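Dropping entry-v4.tsv in here (TSV, C-alpha atoms):
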chain	number	residue	atom	x	y	z
A	1367	MET	CA	18.10	11.23	11.56
A	1368	VAL	CA	17.46	11.80	7.86
A	1369	ASP	CA	20.40	13.47	6.15
A	1370	ALA	CA	21.63	13.59	2.56
A	1371	ALA	CA	23.38	10.23	2.92
A	1372	TYR	CA	20.19	8.57	4.14
A	1373	VAL	CA	18.20	10.00	1.22
A	1374	LYS	CA	20.80	8.62	-1.21
A	1375	GLU	CA	20.51	5.22	0.45
A	1376	ILE	CA	16.73	5.38	0.04
A	1377	GLU	CA	17.16	5.96	-3.69
A	1378	ARG	CA	19.54	3.01	-3.98
A	1379	ALA	CA	17.00	0.85	-2.18
A	1380	ARG	CA	14.28	2.16	-4.51
A	1381	ARG	CA	16.24	0.85	-7.49
A	1382	ASP	CA	16.64	-2.53	-5.82
A	1383	LEU	CA	12.93	-2.63	-5.09
A	1384	ARG	CA	12.10	-1.95	-8.72
A	1385	ALA	CA	14.32	-4.83	-9.77
A	1386	LEU	CA	12.82	-7.16	-7.15
A	1387	ILE	CA	9.22	-6.36	-8.05
A	1388	ALA	CA	9.97	-6.71	-11.77
A	1389	SER	CA	11.65	-10.09	-11.34
A	1390	LYS	CA	9.14	-11.55	-8.86
A	1391	ASN	CA	5.97	-9.76	-9.98
A	1392	CYS	CA	5.31	-9.24	-6.30
A	1393	ALA	CA	3.78	-5.75	-6.38
A	1394	PRO	CA	0.45	-6.83	-4.84
A	1395	ILE	CA	1.93	-8.43	-1.74
A	1396	MET	CA	4.36	-5.52	-1.27
A	1397	LEU	CA	1.44	-3.10	-1.32
A	1398	ARG	CA	-0.43	-5.27	1.16
A	1399	LEU	CA	2.58	-5.37	3.49
A	1400	ALA	CA	2.86	-1.58	3.47
A	1401	TRP	CA	-0.86	-1.16	4.13
A	1402	HIS	CA	-0.95	-3.68	6.96
A	1403	ASP	CA	2.06	-2.22	8.73
A	1404	ALA	CA	0.51	1.25	8.57
A	1405	GLY	CA	-3.15	0.33	9.04
A	1406	THR	CA	-2.86	-0.52	12.73
A	1407	TYR	CA	-2.59	3.15	13.69
A	1408	ASP	CA	-4.88	4.51	16.39
A	1409	VAL	CA	-5.19	8.28	16.26
A	1410	ASN	CA	-6.48	8.42	19.84
A	1411	THR	CA	-3.74	6.40	21.55
A	1412	LYS	CA	-1.02	7.28	19.01
A	1413	THR	CA	-0.06	3.59	18.80
A	1414	GLY	CA	0.56	1.28	15.85
A	1415	GLY	CA	1.13	2.63	12.37
A	1416	PRO	CA	3.99	2.39	9.86
A	1417	ASN	CA	6.77	1.48	12.25
A	1418	GLY	CA	8.02	-1.86	10.94
A	1419	SER	CA	6.58	-3.86	13.83
A	1420	ILE	CA	4.99	-6.26	11.35
A	1421	ARG	CA	8.41	-7.87	10.92
A	1422	HIS	CA	7.95	-9.56	14.29
A	1423	GLN	CA	6.34	-12.98	14.52
A	1424	GLU	CA	3.87	-11.73	17.10
A	1425	GLU	CA	2.32	-9.47	14.45
A	1426	TYR	CA	2.86	-11.19	11.11
A	1427	THR	CA	1.07	-14.26	12.50
A	1428	HIS	CA	-2.13	-12.27	13.06
A	1429	GLY	CA	-4.88	-13.78	10.93
A	1430	SER	CA	-5.24	-10.68	8.78
A	1431	ASN	CA	-1.50	-10.81	7.96
A	1432	ALA	CA	-1.51	-14.37	6.65
A	1433	GLY	CA	1.03	-14.75	3.85
A	1434	LEU	CA	2.87	-11.51	4.53
A	1435	LYS	CA	5.94	-13.34	5.81
A	1436	ILE	CA	6.61	-13.95	2.10
A	1437	ALA	CA	7.00	-10.20	1.50
A	1438	ILE	CA	9.03	-9.72	4.68
A	1439	ASP	CA	11.47	-12.41	3.58
A	1440	LEU	CA	11.73	-11.01	0.05
A	1441	LEU	CA	12.68	-7.62	1.46
A	1442	GLN	CA	15.22	-8.86	3.98
A	1443	PRO	CA	18.14	-9.01	1.47
A	1444	ILE	CA	17.47	-5.38	0.54
A	1445	LYS	CA	17.44	-4.44	4.20
A	1446	GLU	CA	20.79	-6.22	4.67
A	1447	LYS	CA	22.20	-4.42	1.64
A	1448	HIS	CA	21.01	-1.06	3.00
A	1449	PRO	CA	21.24	-1.50	6.80
A	1450	LYS	CA	20.90	2.21	7.55
A	1451	ILE	CA	17.33	2.22	6.27
A	1452	THR	CA	14.70	1.38	8.86
A	1453	TYR	CA	12.29	-1.48	8.28
A	1454	ALA	CA	9.51	1.07	8.63
A	1455	ASP	CA	10.83	3.15	5.72
A	1456	LEU	CA	11.65	0.08	3.63
A	1457	TYR	CA	8.17	-1.41	3.91
A	1458	GLN	CA	6.47	1.87	3.01
A	1459	LEU	CA	8.88	2.51	0.16
A	1460	ALA	CA	8.10	-0.98	-1.19
A	1461	GLY	CA	4.40	-0.06	-1.27
A	1462	VAL	CA	5.10	3.18	-3.11
A	1463	VAL	CA	7.27	1.44	-5.68
A	1464	ALA	CA	4.72	-1.35	-6.12
A	1465	VAL	CA	2.09	1.17	-7.20
A	1466	GLU	CA	4.41	3.13	-9.48
A	1467	VAL	CA	5.93	0.22	-11.41
A	1468	THR	CA	2.52	-1.30	-12.16
A	1469	GLY	CA	1.38	1.88	-13.86
A	1470	GLY	CA	-0.10	3.76	-10.93
A	1471	PRO	CA	0.51	7.30	-9.70
A	1472	THR	CA	3.76	8.63	-8.31
A	1473	ILE	CA	3.42	8.87	-4.54
A	1474	ASP	CA	5.48	11.38	-2.59
A	1475	PHE	CA	7.73	9.49	-0.18
A	1476	VAL	CA	9.34	11.20	2.80
A	1477	PRO	CA	11.78	9.00	4.78
A	1478	GLY	CA	12.48	9.05	8.49
A	1479	ARG	CA	10.16	6.53	10.16
A	1480	LYS	CA	11.43	4.89	13.32
A	1481	ASP	CA	11.31	1.14	13.88
A	1482	SER	CA	9.30	-0.26	16.76
A	1483	SER	CA	9.24	-3.65	18.43
A	1484	VAL	CA	5.88	-2.99	20.08
A	1485	CYS	CA	3.22	-4.93	18.20
A	1486	PRO	CA	-0.41	-3.75	18.29
A	1487	ARG	CA	-3.14	-6.08	19.42
A	1488	GLU	CA	-4.83	-8.18	16.77
A	1489	GLY	CA	-8.04	-6.84	15.27
A	1490	ARG	CA	-7.07	-3.36	14.11
A	1491	LEU	CA	-7.16	-4.15	10.38
A	1492	PRO	CA	-10.28	-4.36	8.17
A	1493	ASP	CA	-12.29	-7.60	8.18
A	1494	ALA	CA	-13.32	-8.42	4.61
A	1495	LYS	CA	-16.52	-10.10	5.84
A	1496	GLN	CA	-17.87	-6.88	7.35
A	1497	GLY	CA	-19.76	-3.88	5.99
A	1498	VAL	CA	-20.11	-0.11	6.02
A	1499	SER	CA	-20.02	0.60	9.75
A	1500	HIS	CA	-16.98	-1.63	10.23
A	1501	LEU	CA	-15.06	0.16	7.46
A	1502	ARG	CA	-15.76	3.52	9.04
A	1503	ASP	CA	-14.84	2.28	12.51
A	1504	ILE	CA	-11.48	0.99	11.27
A	1505	PHE	CA	-10.49	3.90	9.04
A	1506	TYR	CA	-11.84	6.66	11.26
A	1507	ARG	CA	-9.77	5.17	14.09
A	1508	MET	CA	-6.74	5.79	11.90
A	1509	GLY	CA	-7.84	9.37	11.30
A	1510	LEU	CA	-8.82	8.79	7.66
A	1511	SER	CA	-11.92	9.91	5.76
A	1512	ASP	CA	-14.65	8.41	3.56
A	1513	LYS	CA	-12.73	9.53	0.49
A	1514	ASP	CA	-9.62	7.80	1.81
A	1515	ILE	CA	-11.59	4.59	2.39
A	1516	VAL	CA	-12.80	4.45	-1.21
A	1517	ALA	CA	-9.56	5.62	-2.82
A	1518	LEU	CA	-7.49	3.08	-0.90
A	1519	SER	CA	-9.98	0.33	-1.70
A	1520	GLY	CA	-9.09	0.99	-5.33
A	1521	GLY	CA	-5.71	-0.55	-4.57
A	1522	HIS	CA	-7.46	-3.90	-4.95
A	1523	THR	CA	-6.98	-3.37	-8.66
A	1524	LEU	CA	-3.71	-5.17	-7.88
A	1525	GLY	CA	-3.50	-8.79	-6.88
A	1526	ARG	CA	-5.87	-11.54	-5.87
A	1527	ALA	CA	-7.22	-13.17	-2.74
A	1528	HIS	CA	-5.98	-16.61	-1.67
A	1529	PRO	CA	-8.26	-18.99	0.23
A	1530	GLU	CA	-5.52	-20.13	2.60
A	1531	ARG	CA	-5.01	-16.52	3.69
A	1532	SER	CA	-8.43	-14.90	3.69
A	1533	GLY	CA	-10.98	-17.58	2.89
A	1534	PHE	CA	-11.68	-15.85	-0.44
A	1535	GLU	CA	-10.25	-16.59	-3.87
A	1536	GLY	CA	-9.71	-14.72	-7.10
A	1537	PRO	CA	-8.70	-11.33	-8.52
A	1538	TRP	CA	-10.76	-8.17	-8.42
A	1539	THR	CA	-9.92	-7.23	-12.01
A	1540	ASN	CA	-9.00	-8.87	-15.28
A	1541	GLU	CA	-5.45	-7.48	-15.16
A	1542	PRO	CA	-4.34	-7.95	-11.54
A	1543	LEU	CA	-0.81	-6.74	-12.19
A	1544	LYS	CA	-1.87	-3.39	-13.62
A	1545	PHE	CA	-2.75	-0.41	-11.45
A	1546	ASP	CA	-5.72	1.44	-12.95
A	1547	ASN	CA	-9.32	2.32	-12.09
A	1548	SER	CA	-10.80	-1.02	-13.18
A	1549	TYR	CA	-11.60	-1.99	-9.59
A	1550	PHE	CA	-14.34	0.66	-9.67
A	1551	THR	CA	-15.60	-0.07	-13.17
A	1552	GLU	CA	-15.90	-3.77	-12.34
A	1553	LEU	CA	-17.58	-2.99	-9.03
A	1554	LEU	CA	-20.30	-1.01	-10.80
A	1555	LYS	CA	-20.86	-3.78	-13.35
A	1556	GLY	CA	-21.98	-6.16	-10.65
A	1557	GLU	CA	-21.10	-9.83	-10.35
A	1558	ALA	CA	-18.77	-11.18	-13.03
A	1559	GLU	CA	-17.52	-14.72	-13.48
A	1560	GLY	CA	-14.00	-15.17	-12.16
A	1561	LEU	CA	-13.83	-11.79	-10.42
A	1562	LEU	CA	-14.01	-11.25	-6.67
A	1563	LYS	CA	-16.29	-8.91	-4.77
A	1564	LEU	CA	-15.85	-9.01	-1.01
A	1565	PRO	CA	-18.51	-7.84	1.44
A	1566	THR	CA	-16.31	-4.78	2.09
A	1567	ASP	CA	-16.27	-4.12	-1.67
A	1568	ARG	CA	-20.07	-4.29	-1.92
A	1569	ALA	CA	-20.29	-1.97	1.07
A	1570	LEU	CA	-18.86	0.79	-1.12
A	1571	LEU	CA	-22.02	0.60	-3.22
A	1572	ASP	CA	-24.42	0.32	-0.28
A	1573	ASP	CA	-23.47	3.64	1.29
A	1574	PRO	CA	-24.34	6.82	-0.68
A	1575	LYS	CA	-21.21	8.69	0.37
A	1576	PHE	CA	-18.95	5.80	-0.57
A	1577	ARG	CA	-20.81	5.18	-3.83
A	1578	HIS	CA	-20.34	8.82	-4.84
A	1579	TYR	CA	-16.57	8.29	-4.95
A	1580	VAL	CA	-16.87	4.89	-6.62
A	1581	GLU	CA	-18.80	6.47	-9.49
A	1582	LEU	CA	-16.36	9.39	-9.74
A	1583	TYR	CA	-13.33	7.11	-9.91
A	1584	ALA	CA	-14.94	4.75	-12.40
A	1585	LYS	CA	-15.44	7.70	-14.77
A	1586	ASP	CA	-12.19	9.56	-14.13
A	1587	GLU	CA	-8.99	7.56	-13.71
A	1588	GLU	CA	-6.89	10.71	-13.43
A	1589	LEU	CA	-8.95	11.85	-10.44
A	1590	PHE	CA	-8.63	8.42	-8.87
A	1591	PHE	CA	-4.84	8.49	-9.30
A	1592	LYS	CA	-4.68	11.93	-7.70
A	1593	ASP	CA	-6.83	10.98	-4.73
A	1594	TYR	CA	-5.20	7.59	-4.33
A	1595	ALA	CA	-1.72	9.12	-4.19
A	1596	GLU	CA	-2.89	11.54	-1.49
A	1597	SER	CA	-4.61	8.84	0.56
A	1598	HIS	CA	-1.71	6.41	0.24
A	1599	LYS	CA	0.67	9.09	1.45
A	1600	LYS	CA	-1.58	9.82	4.43
A	1601	LEU	CA	-1.75	6.12	5.31
A	1602	SER	CA	2.01	5.70	5.00
A	1603	GLU	CA	2.66	8.65	7.33
A	1604	LEU	CA	0.15	7.96	10.12
A	1605	GLY	CA	1.76	9.00	13.38
A	1606	PHE	CA	4.95	9.96	11.55
A	1607	THR	CA	6.71	13.31	11.74
A	1608	ALA	CA	9.59	13.77	9.31
A	1609	ARG	CA	13.00	13.96	10.99
A	1610	THR	CA	15.73	15.74	9.05
A	1611	GLY	CA	19.38	16.32	9.70
A	1612	THR	CA	21.43	19.48	9.77
A	1613	GLY	CA	25.03	20.38	9.11
A	1614	SER	CA	26.50	18.12	6.45
A	1615	GLY	CA	23.09	16.70	5.62
A	1616	THR	CA	19.90	18.20	4.32
A	1617	GLY	CA	18.45	20.96	6.43
A	1618	SER	CA	14.71	20.76	5.91
A	1619	CYS	CA	11.79	18.49	5.19
A	1620	THR	CA	11.40	20.32	1.89
A	1621	ASP	CA	14.91	19.31	0.89
A	1622	VAL	CA	14.18	15.65	1.52
A	1623	LYS	CA	10.94	15.76	-0.44
A	1624	ALA	CA	12.56	17.50	-3.37
A	1625	GLY	CA	15.29	14.90	-3.55
A	1626	THR	CA	12.89	12.00	-3.60
A	1627	ILE	CA	10.54	13.59	-6.12
A	1628	LEU	CA	13.35	14.37	-8.56
A	1629	ALA	CA	14.62	10.82	-8.35
A	1630	GLN	CA	11.13	9.44	-8.94
A	1631	SER	CA	10.42	11.60	-11.97
A	1632	ALA	CA	13.72	10.80	-13.66
A	1633	VAL	CA	13.12	7.10	-14.14
A	1634	GLY	CA	9.78	6.15	-12.60
A	1635	VAL	CA	7.60	6.53	-15.70
A	1636	ALA	CA	9.89	4.54	-17.98
A	1637	VAL	CA	10.31	1.72	-15.49
A	1638	ALA	CA	6.60	1.61	-14.78
A	1639	ALA	CA	5.76	1.21	-18.46
A	1640	ALA	CA	8.30	-1.55	-18.93
A	1641	VAL	CA	7.19	-3.55	-15.92
A	1642	VAL	CA	3.50	-3.30	-16.79
A	1643	VAL	CA	4.20	-4.73	-20.24
A	1644	LEU	CA	6.32	-7.53	-18.83
A	1645	SER	CA	3.77	-8.41	-16.19
A	1646	TYR	CA	1.17	-9.35	-18.78
A	1647	PHE	CA	3.14	-12.45	-19.74
A	1648	TYR	CA	2.43	-14.28	-16.53
A	1649	GLU	CA	0.58	-13.99	-13.26
A	1650	VAL	CA	1.97	-14.71	-9.86
A	1651	SER	CA	-0.09	-17.23	-7.95
A	1652	LYS	CA	1.11	-16.01	-4.56
A	1653	SER	CA	0.78	-12.25	-4.80
A	1654	LYS	CA	-1.52	-10.77	-2.20
Would it be possible to restate this file's structure as structure tokens?
Amino acid sequence: MVDAAYVKEIERARRDLRALIASKNCAPIMLRLAWHDAGTYDVNTKTGGPNGSIRHQEEYTHGSNAGLKIAIDLLQPIKEKHPKITYADLYQLAGVVAVEVTGGPTIDFVPGRKDSSVCPREGRLPDAKQGVSHLRDIFYRMGLSDKDIVALSGGHTLGRAHPERSGFEGPWTNEPLKFDNSYFTELLKGEAEGLLKLPTDRALLDDPKFRHYVELYAKDEELFFKDYAESHKKLSELGFTARTGTGSGTGSCTDVKAGTILAQSAVGVAVAAAVVVLSYFYEVSKSK
């Protein structure tokens, strides 16, 4: 149950996550971990989703999760330091912090996810070798929309692909440790030496509805940030209903949200700016 003490523990963990991501420059793989834990959700069967099940070997050894054991291991000391926090909340909080400290939008985070030891079957996550119909099949199964598909794809502004994990290699943008709208601007430019464009990236240009959002986000970074924050929040809460405490703790979902938002606004912008500057000095070879 989420009470005032749990919310305080979340904020302590948030600070530890900022320090970890700053020291390891591991924002891309933290974002990928959050996405892959959440992206197994099936809106019809109400299974999968952001429930921490990816911590189990049965799931993190799925082909699409190759390399994510690195992120799981990096987060384990924070989990041990804050044992009250569920893995499910910790992994989603890590994704939120990863976006914020690399210069991206502030994403509303509501805690209270339950951990699960039931791993979904393999094959629920996007296959980078596929196209338009596959993207819709995967994201519609989660209960997400075309706008969500394109906005979330913009998260590839962070990180790079590694051949031992996906069979592809290279970053999507020239500054893979900075969250901005350059994924879309580069996509519209066409092929560029040293930059990656997956079949699922090209699919965003092939479909008129997808392309509409690509062009909007390439022109308007503020709009992209707004839509991305909304879509990320939706993804991170698939199948999740906020649980709040009563009595000595907070009494409503609104109280929990207010507490997290105030904490974010107090220090998030300053930390984000500092980490973005620092991240330009070197690039992590094993992020994402």
Measure the distance from atom CA of Asp1546 of chain A to atom CA of Phe1591 of chain A in Å and round it to one decimal.
8.0 Å
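The smallest atom-to-atom distance between Phe1545 of chain A and any of A:Ala1393, A:Ser1430, A:His1578, A:Met1508, using all atoms listed in the file, is found for A:Ala1393.
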Smallest atom-to-atom distance to Thr1452 of chain A: which of A:Asp1481, A:Glu1535, A:Glu1425, A:Glu1488, using all atoms listed in the file?
A:Asp1481
Can you pull out every residue within 12 Å of Gly1429 of chain A, counting all atoms listed in the file, but drop anything in the same chain fewer than 6 positions away, and send it as a PyMOL selection string?
chain A and resi 1402+1423+1435+1487-1494+1530-1533
Would you list the residues near (-15.0, -17.3, -11.0) (no more than 10 Å away, in the coordinates of the file, using all atoms listed in the file) as a count of residues only?
9
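Across the structure, atom CA of Gln1458 of chain A and atom CA of Ser1602 of chain A are spaced 6.2 Å apart.
Between atom CA of Gln1496 of chain A and atom CA of Val1463 of chain A lies a distance of 29.5 Å.
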Can you list, as a ChimeraX atom specification, every protein, DNA or RNA residue that comes within 8 Å of Val1462 of chain A when you count only C-alpha atoms, leaving out same-chain residues fewer than 4 positions away?
/A:1397,1458,1466,1472-1473,1475
Give as a PyMOL selection string each residue that has an atom at most 8 Å from (-7.0, 3.7, 13.8) in the file, counting only C-alpha atoms.
chain A and resi 1405-1410+1490+1504-1509
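Proximity ranking of A:Arg1378, A:Tyr1426, A:Asp1369, A:Leu1518 relative to Lys1600 of chain A places A:Leu1518 first, based on only C-alpha atoms.
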Close residues, Pro1449 of chain A itself excluded, 12 Å, only C-alpha atoms, min 4 positions apart in chain, as a PyMOL selection string:
chain A and resi 1372+1375-1376+1378-1379+1441-1445+1453+1455-1456
Residue nearest Gly1520 of chain A - candidates A:Phe1534, A:Gly1470, A:Pro1565, A:Val1476, atoms counted: all atoms listed in the file
A:Gly1470
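Closest approach to His1500 of chain A among A:Ser1597, A:Ser1548, A:Asn1391, A:Thr1566 is made by A:Thr1566 (distances from all atoms listed in the file).
Proximity of A:Ala1569, A:His1598, A:Thr1427, A:Ile1387 to Val1467 of chain A, computed with only C-alpha atoms, is greatest for A:Ile1387.
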Give me the residues within 10 Å of Leu1399 of chain A as JSON, numbers by chain, counting only C-alpha atoms and dropping any in the same chain fewer than 5 places off.
{"A": [1393, 1394, 1404, 1405, 1418, 1420, 1421, 1426, 1431, 1433, 1434, 1435, 1436, 1437, 1438, 1457, 1458, 1460, 1461, 1654]}
